[in-house]
Amino acid sequence: MVFSKVSSFWLACICISMFVGMITPSCNAQNSPQDYLAVHNAARQAVGVGPMTWDNAVAKAAQDYANTRVGDCRMVHSGDRRYGENLAWGSGDFMTGRRAVELWVAEKQDYDYGTNTCRPGKVCGHYTQVVWRKSVKLGCARVQCRNNLGYLVVCNYSPPGNYVGERPY
């Protein structure tokens, strides 16, 4: 039997989980620490900023907070001043950790380095947190919200960034 690259990828990433007494396939592809780091570090490298490293304590804080939002999936910041924080929500399996970071990085087009501001009417603070030079530790979590409300992704950054009057890099 010959496998295509796509089918062998899925074969390699299939995990078995128990859900409501039934065996269902699931996959952690694009939600591992390496997936989060790869997109962050590619964006950082593009602007000459050094790489981040995964930190289990920072990831635990992200997971603990994400767990509190499972019931409503509201994108409300935790208020934990120890960390910078980016949030993303999406319905369906497309909202992977990797996709969330890609959405934040896409805000680069709305950031003007010369004025250190976002374009009028645009948001770019998620992007600037991703590339914040002084933020060197990363921890992220992804939870499936109850009642099929989608997925919430939380990434925490240490030390935090996005200080008014400072440039990210």
# chains A, B, ... in the order shown; residues from 1 in each chain; ligands from 1

$ closest_atom_pairs --of "range 140-168 of chain A" --to "range 66-85 of chain A" --cutoff "8 Å" --atoms "only C-alpha atoms" --output "JSON lines"
{"residue": "A:Ala141", "atom": "CA", "partner": "A:Ala66", "partner_atom": "CA", "distance": 6.7}
{"residue": "A:Arg142", "atom": "CA", "partner": "A:Ala66", "partner_atom": "CA", "distance": 7.0}
{"residue": "A:Val143", "atom": "CA", "partner": "A:Ala66", "partner_atom": "CA", "distance": 6.4}
{"residue": "A:Gln144", "atom": "CA", "partner": "A:Val70", "partner_atom": "CA", "distance": 6.7}
{"residue": "A:Cys145", "atom": "CA", "partner": "A:Val70", "partner_atom": "CA", "distance": 4.5}
{"residue": "A:Arg146", "atom": "CA", "partner": "A:Gly71", "partner_atom": "CA", "distance": 5.4}
{"residue": "A:Leu149", "atom": "CA", "partner": "A:Cys73", "partner_atom": "CA", "distance": 6.8}
{"residue": "A:Gly150", "atom": "CA", "partner": "A:Cys73", "partner_atom": "CA", "distance": 7.5}
{"residue": "A:Tyr151", "atom": "CA", "partner": "A:Cys73", "partner_atom": "CA", "distance": 7.4}
{"residue": "A:Leu152", "atom": "CA", "partner": "A:Cys73", "partner_atom": "CA", "distance": 6.2}
{"residue": "A:Val153", "atom": "CA", "partner": "A:Ala66", "partner_atom": "CA", "distance": 7.3}
{"residue": "A:Val154", "atom": "CA", "partner": "A:Ala66", "partner_atom": "CA", "distance": 6.4}
{"residue": "A:Cys155", "atom": "CA", "partner": "A:Glu85", "partner_atom": "CA", "distance": 5.6}
{"residue": "A:Asn156", "atom": "CA", "partner": "A:Glu85", "partner_atom": "CA", "distance": 4.5}
{"residue": "A:Tyr157", "atom": "CA", "partner": "A:Gly84", "partner_atom": "CA", "distance": 4.7}
{"residue": "A:Ser158", "atom": "CA", "partner": "A:Tyr83", "partner_atom": "CA", "distance": 5.2}
{"residue": "A:Pro159", "atom": "CA", "partner": "A:Tyr83", "partner_atom": "CA", "distance": 6.0}
{"residue": "A:Pro160", "atom": "CA", "partner": "A:Gly84", "partner_atom": "CA", "distance": 4.0}
{"residue": "A:Gly161", "atom": "CA", "partner": "A:Gly84", "partner_atom": "CA", "distance": 5.8}
{"residue": "A:Asn162", "atom": "CA", "partner": "A:Gly84", "partner_atom": "CA", "distance": 7.9}

$ write_last_selection --atoms "all heavy atoms" --output "compact mmCIF listing (two decimals), in the first residue's frame"
# COMPACT_ATOMS: atom_id res chain seq x y z
N ALA A 141 -1.83 27.64 25.96
CA ALA A 141 -2.80 26.58 26.21
C ALA A 141 -3.96 26.74 25.24
O ALA A 141 -4.26 27.84 24.79
CB ALA A 141 -3.30 26.64 27.64
N ARG A 142 -4.61 25.62 24.96
CA ARG A 142 -5.79 25.62 24.08
C ARG A 142 -6.84 24.74 24.74
O ARG A 142 -6.54 23.60 25.14
CB ARG A 142 -5.42 25.07 22.72
CG ARG A 142 -6.60 24.92 21.75
CD ARG A 142 -6.07 24.37 20.41
NE ARG A 142 -7.10 24.12 19.46
CZ ARG A 142 -7.61 22.90 19.20
NH1 ARG A 142 -7.18 21.84 19.85
NH2 ARG A 142 -8.55 22.76 18.28
N VAL A 143 -8.05 25.25 24.86
CA VAL A 143 -9.14 24.46 25.45
C VAL A 143 -10.34 24.46 24.51
O VAL A 143 -10.59 25.43 23.80
CB VAL A 143 -9.57 24.99 26.84
CG1 VAL A 143 -8.46 24.80 27.87
CG2 VAL A 143 -10.04 26.43 26.79
N GLN A 144 -11.06 23.34 24.54
CA GLN A 144 -12.32 23.27 23.81
C GLN A 144 -13.41 23.71 24.78
O GLN A 144 -13.53 23.17 25.88
CB GLN A 144 -12.61 21.86 23.31
CG GLN A 144 -13.87 21.80 22.49
CD GLN A 144 -14.09 20.43 21.85
OE1 GLN A 144 -13.48 19.46 22.22
NE2 GLN A 144 -14.99 20.40 20.87
N CYS A 145 -14.16 24.69 24.37
CA CYS A 145 -15.19 25.24 25.24
C CYS A 145 -16.42 24.34 25.25
O CYS A 145 -16.72 23.66 24.27
CB CYS A 145 -15.55 26.65 24.78
SG CYS A 145 -14.12 27.74 24.80
N ARG A 146 -17.12 24.36 26.36
CA ARG A 146 -18.33 23.55 26.50
C ARG A 146 -19.39 23.99 25.51
O ARG A 146 -19.36 25.11 25.01
CB ARG A 146 -18.87 23.68 27.93
CG ARG A 146 -17.98 23.01 28.94
CD ARG A 146 -18.66 22.92 30.29
NE ARG A 146 -17.66 22.52 31.26
CZ ARG A 146 -17.26 23.26 32.27
NH1 ARG A 146 -17.80 24.45 32.50
NH2 ARG A 146 -16.34 22.83 33.10
N LEU A 149 -18.80 25.64 21.81
CA LEU A 149 -18.58 27.07 21.61
C LEU A 149 -17.26 27.37 20.92
O LEU A 149 -16.91 28.52 20.74
CB LEU A 149 -18.64 27.81 22.95
CG LEU A 149 -20.01 27.87 23.61
CD1 LEU A 149 -19.91 28.54 24.98
CD2 LEU A 149 -20.99 28.65 22.73
N GLY A 150 -16.52 26.36 20.56
CA GLY A 150 -15.26 26.57 19.85
C GLY A 150 -14.06 26.29 20.72
O GLY A 150 -14.13 25.54 21.69
N TYR A 151 -12.94 26.93 20.36
CA TYR A 151 -11.67 26.75 21.06
C TYR A 151 -11.13 28.11 21.48
O TYR A 151 -11.20 29.07 20.71
CB TYR A 151 -10.65 26.06 20.16
CG TYR A 151 -10.99 24.62 19.88
CD1 TYR A 151 -11.81 24.27 18.81
CD2 TYR A 151 -10.48 23.60 20.69
CE1 TYR A 151 -12.12 22.95 18.55
CE2 TYR A 151 -10.79 22.27 20.44
CZ TYR A 151 -11.61 21.96 19.37
OH TYR A 151 -11.93 20.64 19.12
N LEU A 152 -10.56 28.15 22.66
CA LEU A 152 -9.91 29.34 23.16
C LEU A 152 -8.42 29.04 23.28
O LEU A 152 -8.03 28.01 23.83
CB LEU A 152 -10.47 29.73 24.52
CG LEU A 152 -9.85 30.96 25.19
CD1 LEU A 152 -10.21 32.22 24.40
CD2 LEU A 152 -10.32 31.08 26.62
N VAL A 153 -7.59 29.95 22.76
CA VAL A 153 -6.15 29.83 22.85
C VAL A 153 -5.64 30.99 23.70
O VAL A 153 -6.02 32.14 23.48
CB VAL A 153 -5.49 29.87 21.46
CG1 VAL A 153 -3.97 29.82 21.57
CG2 VAL A 153 -6.00 28.70 20.60
N VAL A 154 -4.79 30.67 24.67
CA VAL A 154 -4.18 31.66 25.55
C VAL A 154 -2.67 31.49 25.46
O VAL A 154 -2.16 30.39 25.66
CB VAL A 154 -4.62 31.47 27.01
CG1 VAL A 154 -3.93 32.49 27.93
CG2 VAL A 154 -6.13 31.54 27.16
N CYS A 155 -1.96 32.57 25.16
CA CYS A 155 -0.50 32.56 25.25
C CYS A 155 -0.06 33.62 26.24
O CYS A 155 -0.55 34.76 26.19
CB CYS A 155 0.16 32.84 23.89
SG CYS A 155 0.16 31.41 22.79
N ASN A 156 0.83 33.23 27.13
CA ASN A 156 1.41 34.14 28.11
C ASN A 156 2.87 34.37 27.79
O ASN A 156 3.55 33.46 27.29
CB ASN A 156 1.27 33.59 29.52
CG ASN A 156 -0.13 33.71 30.07
OD1 ASN A 156 -0.99 34.33 29.48
ND2 ASN A 156 -0.37 33.10 31.21
N TYR A 157 3.35 35.58 28.11
CA TYR A 157 4.71 36.01 27.77
C TYR A 157 5.40 36.55 29.01
O TYR A 157 4.81 37.35 29.75
CB TYR A 157 4.64 37.12 26.71
CG TYR A 157 3.91 36.70 25.47
CD1 TYR A 157 2.52 36.76 25.39
CD2 TYR A 157 4.60 36.22 24.37
CE1 TYR A 157 1.83 36.35 24.27
CE2 TYR A 157 3.92 35.81 23.22
CZ TYR A 157 2.54 35.89 23.18
OH TYR A 157 1.88 35.48 22.06
N SER A 158 6.65 36.14 29.21
CA SER A 158 7.41 36.62 30.34
C SER A 158 8.80 37.05 29.89
O SER A 158 9.45 36.32 29.14
CB SER A 158 7.54 35.52 31.39
OG SER A 158 8.29 35.96 32.50
N PRO A 159 9.23 38.22 30.37
CA PRO A 159 8.41 39.24 31.02
C PRO A 159 7.41 39.83 30.03
O PRO A 159 7.57 39.70 28.83
CB PRO A 159 9.43 40.29 31.49
CG PRO A 159 10.71 39.97 30.82
CD PRO A 159 10.63 38.60 30.24
N PRO A 160 6.37 40.50 30.57
CA PRO A 160 5.34 41.07 29.67
C PRO A 160 5.91 42.18 28.81
O PRO A 160 6.94 42.77 29.13
CB PRO A 160 4.28 41.60 30.64
CG PRO A 160 4.99 41.79 31.93
CD PRO A 160 6.10 40.80 31.97
N GLY A 161 5.21 42.47 27.72
CA GLY A 161 5.60 43.54 26.81
C GLY A 161 4.50 44.56 26.63
O GLY A 161 3.61 44.68 27.46
N ASN A 162 4.58 45.26 25.51
CA ASN A 162 3.60 46.28 25.13
C ASN A 162 3.53 47.44 26.13
O ASN A 162 2.45 47.88 26.51
CB ASN A 162 2.21 45.68 24.91
CG ASN A 162 2.10 44.96 23.59
OD1 ASN A 162 2.93 45.16 22.70
ND2 ASN A 162 1.08 44.15 23.44

$ closest_residue --among "A:Val47, A:Val136, A:Leu87, A:Ala59" --to "Tyr169 in chain A" --atoms "only C-alpha atoms"
A:Val47

$ atom_distance --atom1 "CA of Gly48 in chain A" --atom2 "CA of Val131 in chain A"
9.3 Å

$ atom_distance --atom1 "CA of Thr115 in chain A" --atom2 "CA of Thr128 in chain A"
13.2 Å

$ select_by_dssp --residues "chain A" --states "strand (DSSP E or B)" --output "PyMOL selection string"
chain A and resi 15-19+22-26+53-54+84-90+111-112+117-118+137-144+151-158

$ residues_around --residues "range 39-41 of chain A" --least-positions-apart "5" --cutoff "9 Å" --atoms "only C-alpha atoms" --output "list in words"
Gln34, Ala46, Val49, Gly50, Pro51, Met52, Arg98, Val101, Glu102, Val105, Val130 and Val131 of chain A

$ write_last_selection --atoms "all heavy atoms" --output "PDB file, in the first residue's frame"
ATOM      1  N   GLN A  34       6.228  23.148  20.453  1.00  0.00           N
ATOM      2  CA  GLN A  34       7.055  23.421  19.273  1.00  0.00           C
ATOM      3  C   GLN A  34       6.272  24.182  18.207  1.00  0.00           C
ATOM      4  O   GLN A  34       6.834  25.018  17.505  1.00  0.00           O
ATOM      5  CB  GLN A  34       7.612  22.115  18.680  1.00  0.00           C
ATOM      6  CG  GLN A  34       8.566  21.376  19.590  1.00  0.00           C
ATOM      7  CD  GLN A  34       7.874  20.565  20.694  1.00  0.00           C
ATOM      8  OE1 GLN A  34       6.657  20.368  20.706  1.00  0.00           O
ATOM      9  NE2 GLN A  34       8.650  20.105  21.661  1.00  0.00           N
ATOM     10  N   ALA A  46      12.208  37.461  11.770  1.00  0.00           N
ATOM     11  CA  ALA A  46      11.962  38.358  10.640  1.00  0.00           C
ATOM     12  C   ALA A  46      12.277  39.817  10.970  1.00  0.00           C
ATOM     13  O   ALA A  46      12.540  40.610  10.072  1.00  0.00           O
ATOM     14  CB  ALA A  46      10.516  38.226  10.161  1.00  0.00           C
ATOM     15  N   VAL A  49      14.813  39.766  16.163  1.00  0.00           N
ATOM     16  CA  VAL A  49      14.680  39.517  17.599  1.00  0.00           C
ATOM     17  C   VAL A  49      15.007  38.057  17.878  1.00  0.00           C
ATOM     18  O   VAL A  49      14.612  37.168  17.116  1.00  0.00           O
ATOM     19  CB  VAL A  49      13.250  39.856  18.079  1.00  0.00           C
ATOM     20  CG1 VAL A  49      13.061  39.502  19.533  1.00  0.00           C
ATOM     21  CG2 VAL A  49      12.950  41.330  17.845  1.00  0.00           C
ATOM     22  N   GLY A  50      15.707  37.805  18.973  1.00  0.00           N
ATOM     23  CA  GLY A  50      16.081  36.441  19.346  1.00  0.00           C
ATOM     24  C   GLY A  50      14.878  35.571  19.666  1.00  0.00           C
ATOM     25  O   GLY A  50      13.772  36.067  19.901  1.00  0.00           O
ATOM     26  N   PRO A  51      15.104  34.265  19.705  1.00  0.00           N
ATOM     27  CA  PRO A  51      14.005  33.317  19.922  1.00  0.00           C
ATOM     28  C   PRO A  51      13.505  33.296  21.367  1.00  0.00           C
ATOM     29  O   PRO A  51      14.215  33.672  22.291  1.00  0.00           O
ATOM     30  CB  PRO A  51      14.636  31.972  19.556  1.00  0.00           C
ATOM     31  CG  PRO A  51      16.088  32.154  19.847  1.00  0.00           C
ATOM     32  CD  PRO A  51      16.388  33.596  19.514  1.00  0.00           C
ATOM     33  N   MET A  52      12.289  32.837  21.502  1.00  0.00           N
ATOM     34  CA  MET A  52      11.700  32.586  22.817  1.00  0.00           C
ATOM     35  C   MET A  52      11.952  31.128  23.167  1.00  0.00           C
ATOM     36  O   MET A  52      12.219  30.304  22.284  1.00  0.00           O
ATOM     37  CB  MET A  52      10.188  32.823  22.792  1.00  0.00           C
ATOM     38  CG  MET A  52       9.779  34.212  22.401  1.00  0.00           C
ATOM     39  SD  MET A  52       7.995  34.421  22.523  1.00  0.00           S
ATOM     40  CE  MET A  52       7.958  35.261  24.079  1.00  0.00           C
ATOM     41  N   ARG A  98      -1.314  26.960  16.525  1.00  0.00           N
ATOM     42  CA  ARG A  98      -0.526  27.521  15.420  1.00  0.00           C
ATOM     43  C   ARG A  98      -1.312  28.594  14.679  1.00  0.00           C
ATOM     44  O   ARG A  98      -0.801  29.666  14.379  1.00  0.00           O
ATOM     45  CB  ARG A  98      -0.121  26.401  14.462  1.00  0.00           C
ATOM     46  CG  ARG A  98       0.717  26.847  13.281  1.00  0.00           C
ATOM     47  CD  ARG A  98       1.061  25.618  12.416  1.00  0.00           C
ATOM     48  NE  ARG A  98       2.235  25.715  11.640  1.00  0.00           N
ATOM     49  CZ  ARG A  98       3.485  25.886  12.050  1.00  0.00           C
ATOM     50  NH1 ARG A  98       3.735  26.021  13.328  1.00  0.00           N
ATOM     51  NH2 ARG A  98       4.494  25.930  11.227  1.00  0.00           N
ATOM     52  N   VAL A 101      -1.563  31.939  16.614  1.00  0.00           N
ATOM     53  CA  VAL A 101      -0.347  32.744  16.531  1.00  0.00           C
ATOM     54  C   VAL A 101      -0.226  33.368  15.139  1.00  0.00           C
ATOM     55  O   VAL A 101       0.161  34.532  15.001  1.00  0.00           O
ATOM     56  CB  VAL A 101       0.905  31.933  16.902  1.00  0.00           C
ATOM     57  CG1 VAL A 101       2.152  32.815  16.852  1.00  0.00           C
ATOM     58  CG2 VAL A 101       0.758  31.309  18.292  1.00  0.00           C
ATOM     59  N   GLU A 102      -0.592  32.624  14.104  1.00  0.00           N
ATOM     60  CA  GLU A 102      -0.559  33.180  12.744  1.00  0.00           C
ATOM     61  C   GLU A 102      -1.487  34.395  12.629  1.00  0.00           C
ATOM     62  O   GLU A 102      -1.157  35.371  11.947  1.00  0.00           O
ATOM     63  CB  GLU A 102      -0.941  32.111  11.723  1.00  0.00           C
ATOM     64  CG  GLU A 102       0.108  31.041  11.556  1.00  0.00           C
ATOM     65  CD  GLU A 102      -0.354  29.840  10.741  1.00  0.00           C
ATOM     66  OE1 GLU A 102      -1.568  29.693  10.482  1.00  0.00           O
ATOM     67  OE2 GLU A 102       0.514  29.028  10.377  1.00  0.00           O
ATOM     68  N   VAL A 105       0.294  37.300  14.285  1.00  0.00           N
ATOM     69  CA  VAL A 105       1.416  37.751  13.461  1.00  0.00           C
ATOM     70  C   VAL A 105       0.908  38.523  12.230  1.00  0.00           C
ATOM     71  O   VAL A 105       1.556  39.466  11.771  1.00  0.00           O
ATOM     72  CB  VAL A 105       2.320  36.566  13.061  1.00  0.00           C
ATOM     73  CG1 VAL A 105       3.359  36.965  12.017  1.00  0.00           C
ATOM     74  CG2 VAL A 105       3.011  35.985  14.303  1.00  0.00           C
ATOM     75  N   VAL A 130       4.018  39.434  20.418  1.00  0.00           N
ATOM     76  CA  VAL A 130       4.735  38.278  19.849  1.00  0.00           C
ATOM     77  C   VAL A 130       6.209  38.614  19.625  1.00  0.00           C
ATOM     78  O   VAL A 130       7.089  37.803  19.908  1.00  0.00           O
ATOM     79  CB  VAL A 130       4.078  37.810  18.524  1.00  0.00           C
ATOM     80  CG1 VAL A 130       4.978  36.849  17.758  1.00  0.00           C
ATOM     81  CG2 VAL A 130       2.717  37.171  18.798  1.00  0.00           C
ATOM     82  N   VAL A 131       6.486  39.819  19.122  1.00  0.00           N
ATOM     83  CA  VAL A 131       7.861  40.178  18.758  1.00  0.00           C
ATOM     84  C   VAL A 131       8.558  41.041  19.815  1.00  0.00           C
ATOM     85  O   VAL A 131       9.654  41.540  19.575  1.00  0.00           O
ATOM     86  CB  VAL A 131       7.928  40.877  17.383  1.00  0.00           C
ATOM     87  CG1 VAL A 131       7.437  39.930  16.286  1.00  0.00           C
ATOM     88  CG2 VAL A 131       7.136  42.181  17.372  1.00  0.00           C
TER      89      VAL A 131
END

$ decode --residues "range 123-134 of chain A" --atoms "all heavy atoms" --output "short mmCIF file (atom, residue, chain, number, x, y, z; two decimals), in the first residue's frame"
data_model
loop_
_atom_site.label_atom_id
_atom_site.label_comp_id
_atom_site.auth_asym_id
_atom_site.auth_seq_id
_atom_site.Cartn_x
_atom_site.Cartn_y
_atom_site.Cartn_z
N VAL A 123 -5.90 46.93 14.93
CA VAL A 123 -5.32 46.36 16.14
C VAL A 123 -3.98 45.73 15.77
O VAL A 123 -3.87 45.05 14.75
CB VAL A 123 -6.26 45.26 16.71
CG1 VAL A 123 -5.62 44.53 17.87
CG2 VAL A 123 -7.59 45.88 17.12
N CYS A 124 -2.95 45.98 16.57
CA CYS A 124 -1.65 45.35 16.30
C CYS A 124 -0.92 44.95 17.57
O CYS A 124 0.22 44.50 17.52
CB CYS A 124 -0.78 46.26 15.43
SG CYS A 124 -0.30 47.82 16.23
N GLY A 125 -1.55 45.10 18.72
CA GLY A 125 -0.90 44.79 19.99
C GLY A 125 -0.58 43.33 20.20
O GLY A 125 0.36 42.99 20.92
N HIS A 126 -1.35 42.44 19.56
CA HIS A 126 -1.02 41.01 19.66
C HIS A 126 0.32 40.76 18.96
O HIS A 126 1.17 40.05 19.46
CB HIS A 126 -2.11 40.15 19.02
CG HIS A 126 -3.47 40.39 19.59
ND1 HIS A 126 -4.40 41.16 18.95
CD2 HIS A 126 -4.03 39.97 20.74
CE1 HIS A 126 -5.50 41.21 19.68
NE2 HIS A 126 -5.30 40.50 20.77
N TYR A 127 0.46 41.37 17.78
CA TYR A 127 1.71 41.22 17.02
C TYR A 127 2.89 41.77 17.82
O TYR A 127 3.92 41.12 17.93
CB TYR A 127 1.61 41.93 15.67
CG TYR A 127 2.97 42.06 15.00
CD1 TYR A 127 3.62 40.94 14.49
CD2 TYR A 127 3.62 43.28 14.94
CE1 TYR A 127 4.88 41.05 13.92
CE2 TYR A 127 4.87 43.40 14.36
CZ TYR A 127 5.51 42.28 13.86
OH TYR A 127 6.76 42.38 13.30
N THR A 128 2.75 42.98 18.36
CA THR A 128 3.88 43.57 19.07
C THR A 128 4.25 42.74 20.30
O THR A 128 5.42 42.66 20.65
CB THR A 128 3.63 45.04 19.44
OG1 THR A 128 2.42 45.15 20.20
CG2 THR A 128 3.55 45.92 18.19
N GLN A 129 3.28 42.08 20.94
CA GLN A 129 3.63 41.20 22.05
C GLN A 129 4.41 39.99 21.55
O GLN A 129 5.36 39.56 22.18
CB GLN A 129 2.38 40.76 22.81
CG GLN A 129 2.67 39.78 23.95
CD GLN A 129 3.61 40.32 25.00
OE1 GLN A 129 3.22 41.03 25.90
NE2 GLN A 129 4.90 39.99 24.90
N VAL A 130 4.02 39.43 20.42
CA VAL A 130 4.73 38.28 19.85
C VAL A 130 6.21 38.61 19.62
O VAL A 130 7.09 37.80 19.91
CB VAL A 130 4.08 37.81 18.52
CG1 VAL A 130 4.98 36.85 17.76
CG2 VAL A 130 2.72 37.17 18.80
N VAL A 131 6.49 39.82 19.12
CA VAL A 131 7.86 40.18 18.76
C VAL A 131 8.56 41.04 19.82
O VAL A 131 9.65 41.54 19.57
CB VAL A 131 7.93 40.88 17.38
CG1 VAL A 131 7.44 39.93 16.29
CG2 VAL A 131 7.14 42.18 17.37
N TRP A 132 7.95 41.22 20.98
CA TRP A 132 8.54 42.06 22.03
C TRP A 132 9.89 41.48 22.45
O TRP A 132 9.96 40.38 22.98
CB TRP A 132 7.59 42.16 23.22
CG TRP A 132 7.92 43.30 24.12
CD1 TRP A 132 8.70 43.25 25.24
CD2 TRP A 132 7.51 44.65 23.97
NE1 TRP A 132 8.79 44.49 25.80
CE2 TRP A 132 8.06 45.37 25.03
CE3 TRP A 132 6.72 45.31 23.04
CZ2 TRP A 132 7.86 46.74 25.19
CZ3 TRP A 132 6.52 46.66 23.19
CH2 TRP A 132 7.08 47.36 24.26
N ARG A 133 10.95 42.23 22.20
CA ARG A 133 12.32 41.76 22.42
C ARG A 133 12.56 41.23 23.83
O ARG A 133 13.23 40.22 24.02
CB ARG A 133 13.31 42.88 22.12
CG ARG A 133 14.75 42.47 22.31
CD ARG A 133 15.74 43.58 22.06
NE ARG A 133 15.62 44.22 20.76
CZ ARG A 133 16.13 43.74 19.62
NH1 ARG A 133 16.80 42.62 19.63
NH2 ARG A 133 15.96 44.39 18.50
N LYS A 134 12.02 41.91 24.82
CA LYS A 134 12.30 41.53 26.21
C LYS A 134 11.47 40.33 26.69
O LYS A 134 11.77 39.75 27.73
CB LYS A 134 12.07 42.73 27.13
CG LYS A 134 13.06 43.86 26.87
CD LYS A 134 12.76 45.06 27.74
CE LYS A 134 13.67 46.22 27.40
NZ LYS A 134 13.30 47.44 28.14
#
